[in-house]
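Student: Just passing along the structure, written as structure tokens.
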Amino acid sequence: MTEPSPGVAAAVEGELRLLDPAVRASAELLARLLHPDYREIDYTGRVWDRDTMIASLTAVDAPRPGPLTASRMSGVQLADDLVHLTYDTETKGRLAHRSSVWRMTDEGWVLYFNQATPFDGAAGTDG
């Protein structure tokens, strides 16, 4: 198996940091990892922008989903400054296929786009 490109390795590292509850609770850390033009389509179909996502995750009364675990993470470097990752997450029995796009900026690799698609565990886990 070949080693991932430096861009893919950096994107994987960033994605794993975003799963850390301490990072998810810190507006400062999230702002470092999310591109100014960040967008997310969550598992319900709601579209989030960077500011709304940061405010939601760091609110005093924000729901805390508990540990998020990632599996089957893989990536491909699409260009010198662009990486696409796919992986699955699980939290409290809720499963999602995820796709994210990371961009290299003057500040380093940041998450530009993320989408989550729920699945039930019995279907859609191959390939």
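We name chains A, B, ... following the order of the structure tokens; residues begin at 1 in each chain, and ligands are numbered from 1 as shown.
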Which residues, written as number ranges by chain, have at least one atom at most 9 Å from segment 92-104 of chain A, with only C-alpha atoms counted and residues fewer than 6 positions away on the same chain left out?

Tutor: A: 7-8, 11, 14-15, 35, 40, 43, 65-68, 80-86, 110-121, 124-125

Student: Env of Ala31 of chain A: 12 Å cut, atoms = only C-alpha atoms, seq-sep filter 6 positions within chain, self excluded. Answer as an MDAnalysis selection string.

Tutor: chainID A and resid 18 23:25 37:38 49:55 57:58 107 110:112

Student: Could you please take those selected residues and save N, CA and C atoms as a PDB file, in the first residue's frame?

Tutor:
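Final output, saved to selection-v1.pdb:
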```
ATOM      1  N   LEU A  18     -11.388  17.484  13.859  1.00  0.00           N
ATOM      2  CA  LEU A  18     -12.764  17.994  13.909  1.00  0.00           C
ATOM      3  C   LEU A  18     -13.719  17.039  14.622  1.00  0.00           C
ATOM      4  N   VAL A  23     -12.198  20.175  20.272  1.00  0.00           N
ATOM      5  CA  VAL A  23     -12.108  21.040  19.100  1.00  0.00           C
ATOM      6  C   VAL A  23     -13.503  21.530  18.725  1.00  0.00           C
ATOM      7  N   ARG A  24     -14.479  20.630  18.753  1.00  0.00           N
ATOM      8  CA  ARG A  24     -15.855  20.983  18.380  1.00  0.00           C
ATOM      9  C   ARG A  24     -16.454  22.019  19.330  1.00  0.00           C
ATOM     10  N   ALA A  25     -15.926  22.137  20.532  1.00  0.00           N
ATOM     11  CA  ALA A  25     -16.447  23.097  21.511  1.00  0.00           C
ATOM     12  C   ALA A  25     -15.681  24.419  21.504  1.00  0.00           C
ATOM     13  N   ASP A  37     -15.321  30.199   3.372  1.00  0.00           N
ATOM     14  CA  ASP A  37     -16.482  29.890   2.523  1.00  0.00           C
ATOM     15  C   ASP A  37     -17.050  28.498   2.790  1.00  0.00           C
ATOM     16  N   TYR A  38     -16.738  27.922   3.943  1.00  0.00           N
ATOM     17  CA  TYR A  38     -17.187  26.573   4.308  1.00  0.00           C
ATOM     18  C   TYR A  38     -18.696  26.420   4.160  1.00  0.00           C
ATOM     19  N   ASP A  49     -23.370  27.295   6.986  1.00  0.00           N
ATOM     20  CA  ASP A  49     -22.175  28.038   6.611  1.00  0.00           C
ATOM     21  C   ASP A  49     -21.223  28.035   7.808  1.00  0.00           C
ATOM     22  N   ARG A  50     -20.068  28.592   7.629  1.00  0.00           N
ATOM     23  CA  ARG A  50     -19.026  28.549   8.662  1.00  0.00           C
ATOM     24  C   ARG A  50     -19.478  29.180   9.968  1.00  0.00           C
ATOM     25  N   ASP A  51     -19.986  30.403   9.897  1.00  0.00           N
ATOM     26  CA  ASP A  51     -20.358  31.112  11.119  1.00  0.00           C
ATOM     27  C   ASP A  51     -21.480  30.403  11.867  1.00  0.00           C
ATOM     28  N   THR A  52     -22.465  29.904  11.139  1.00  0.00           N
ATOM     29  CA  THR A  52     -23.588  29.208  11.768  1.00  0.00           C
ATOM     30  C   THR A  52     -23.133  27.897  12.393  1.00  0.00           C
ATOM     31  N   MET A  53     -22.252  27.194  11.722  1.00  0.00           N
ATOM     32  CA  MET A  53     -21.738  25.933  12.258  1.00  0.00           C
ATOM     33  C   MET A  53     -20.946  26.181  13.541  1.00  0.00           C
ATOM     34  N   ILE A  54     -20.064  27.159  13.510  1.00  0.00           N
ATOM     35  CA  ILE A  54     -19.265  27.457  14.703  1.00  0.00           C
ATOM     36  C   ILE A  54     -20.174  27.869  15.856  1.00  0.00           C
ATOM     37  N   ALA A  55     -21.136  28.739  15.596  1.00  0.00           N
ATOM     38  CA  ALA A  55     -22.050  29.183  16.654  1.00  0.00           C
ATOM     39  C   ALA A  55     -22.854  28.015  17.212  1.00  0.00           C
ATOM     40  N   LEU A  57     -22.090  24.716  17.199  1.00  0.00           N
ATOM     41  CA  LEU A  57     -21.260  23.747  17.925  1.00  0.00           C
ATOM     42  C   LEU A  57     -20.753  24.278  19.255  1.00  0.00           C
ATOM     43  N   THR A  58     -20.557  25.592  19.357  1.00  0.00           N
ATOM     44  CA  THR A  58     -19.959  26.153  20.560  1.00  0.00           C
ATOM     45  C   THR A  58     -20.969  26.797  21.509  1.00  0.00           C
ATOM     46  N   GLU A 107      -2.941  29.730   5.312  1.00  0.00           N
ATOM     47  CA  GLU A 107      -2.911  29.285   6.707  1.00  0.00           C
ATOM     48  C   GLU A 107      -2.757  27.771   6.847  1.00  0.00           C
ATOM     49  N   VAL A 110      -7.579  23.525   5.160  1.00  0.00           N
ATOM     50  CA  VAL A 110      -8.829  23.822   5.855  1.00  0.00           C
ATOM     51  C   VAL A 110      -9.986  23.131   5.146  1.00  0.00           C
ATOM     52  N   LEU A 111     -11.011  22.817   5.922  1.00  0.00           N
ATOM     53  CA  LEU A 111     -12.189  22.148   5.386  1.00  0.00           C
ATOM     54  C   LEU A 111     -13.044  23.150   4.627  1.00  0.00           C
ATOM     55  N   TYR A 112     -13.309  22.843   3.368  1.00  0.00           N
ATOM     56  CA  TYR A 112     -14.084  23.713   2.488  1.00  0.00           C
ATOM     57  C   TYR A 112     -15.537  23.259   2.382  1.00  0.00           C
TER      58      TYR A 112
END
```

Student: From the options A:Glu28, A:Leu33, A:Gly108, A:Glu90, which residue's atoms come nearest to Pro6 of chain A, counting only C-alpha atoms?

Tutor: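 Using only C-alpha atoms, Pro6 of chain A sits closest to A:Gly108.
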
Student: Work out how far atom CA of Ala70 of chain A is from atom CA of Thr91 of chain A, in Å to one decimal.

Tutor: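 Taking atom CA of Thr91 of chain A as the start and atom CA of Ala70 of chain A as the end point, the length is 9.3 Å.
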
Student: I need the strand (DSSP E) residues of chain A per DSSP on the backbone, written as a PyMOL selection string.

Tutor: chain A and resi 34-41+47-49+69-79+82-91+94-105+108-119

Student: Would you please work out which residue, of A:Val12, A:Ile41, A:Val47, A:Ala62, is nearest to Ser26 of chain A when using only C-alpha atoms?

Tutor: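 The answer is A:Ala62, which sits nearest to Ser26 of chain A.
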
Student: To one decimal place, how far is atom CA of Ser74 of chain A from atom CA of Gly45 of chain A in Å?

Tutor: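 Atom CA of Ser74 of chain A sits 23.3 Å away from atom CA of Gly45 of chain A.
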
Student: Looking only at helix (DSSP H, G or I) from DSSP on the backbone, list the matching residues of chain A as a ChimeraX atom specification.

Tutor: /A:6-18,21-24,27-33,50-58
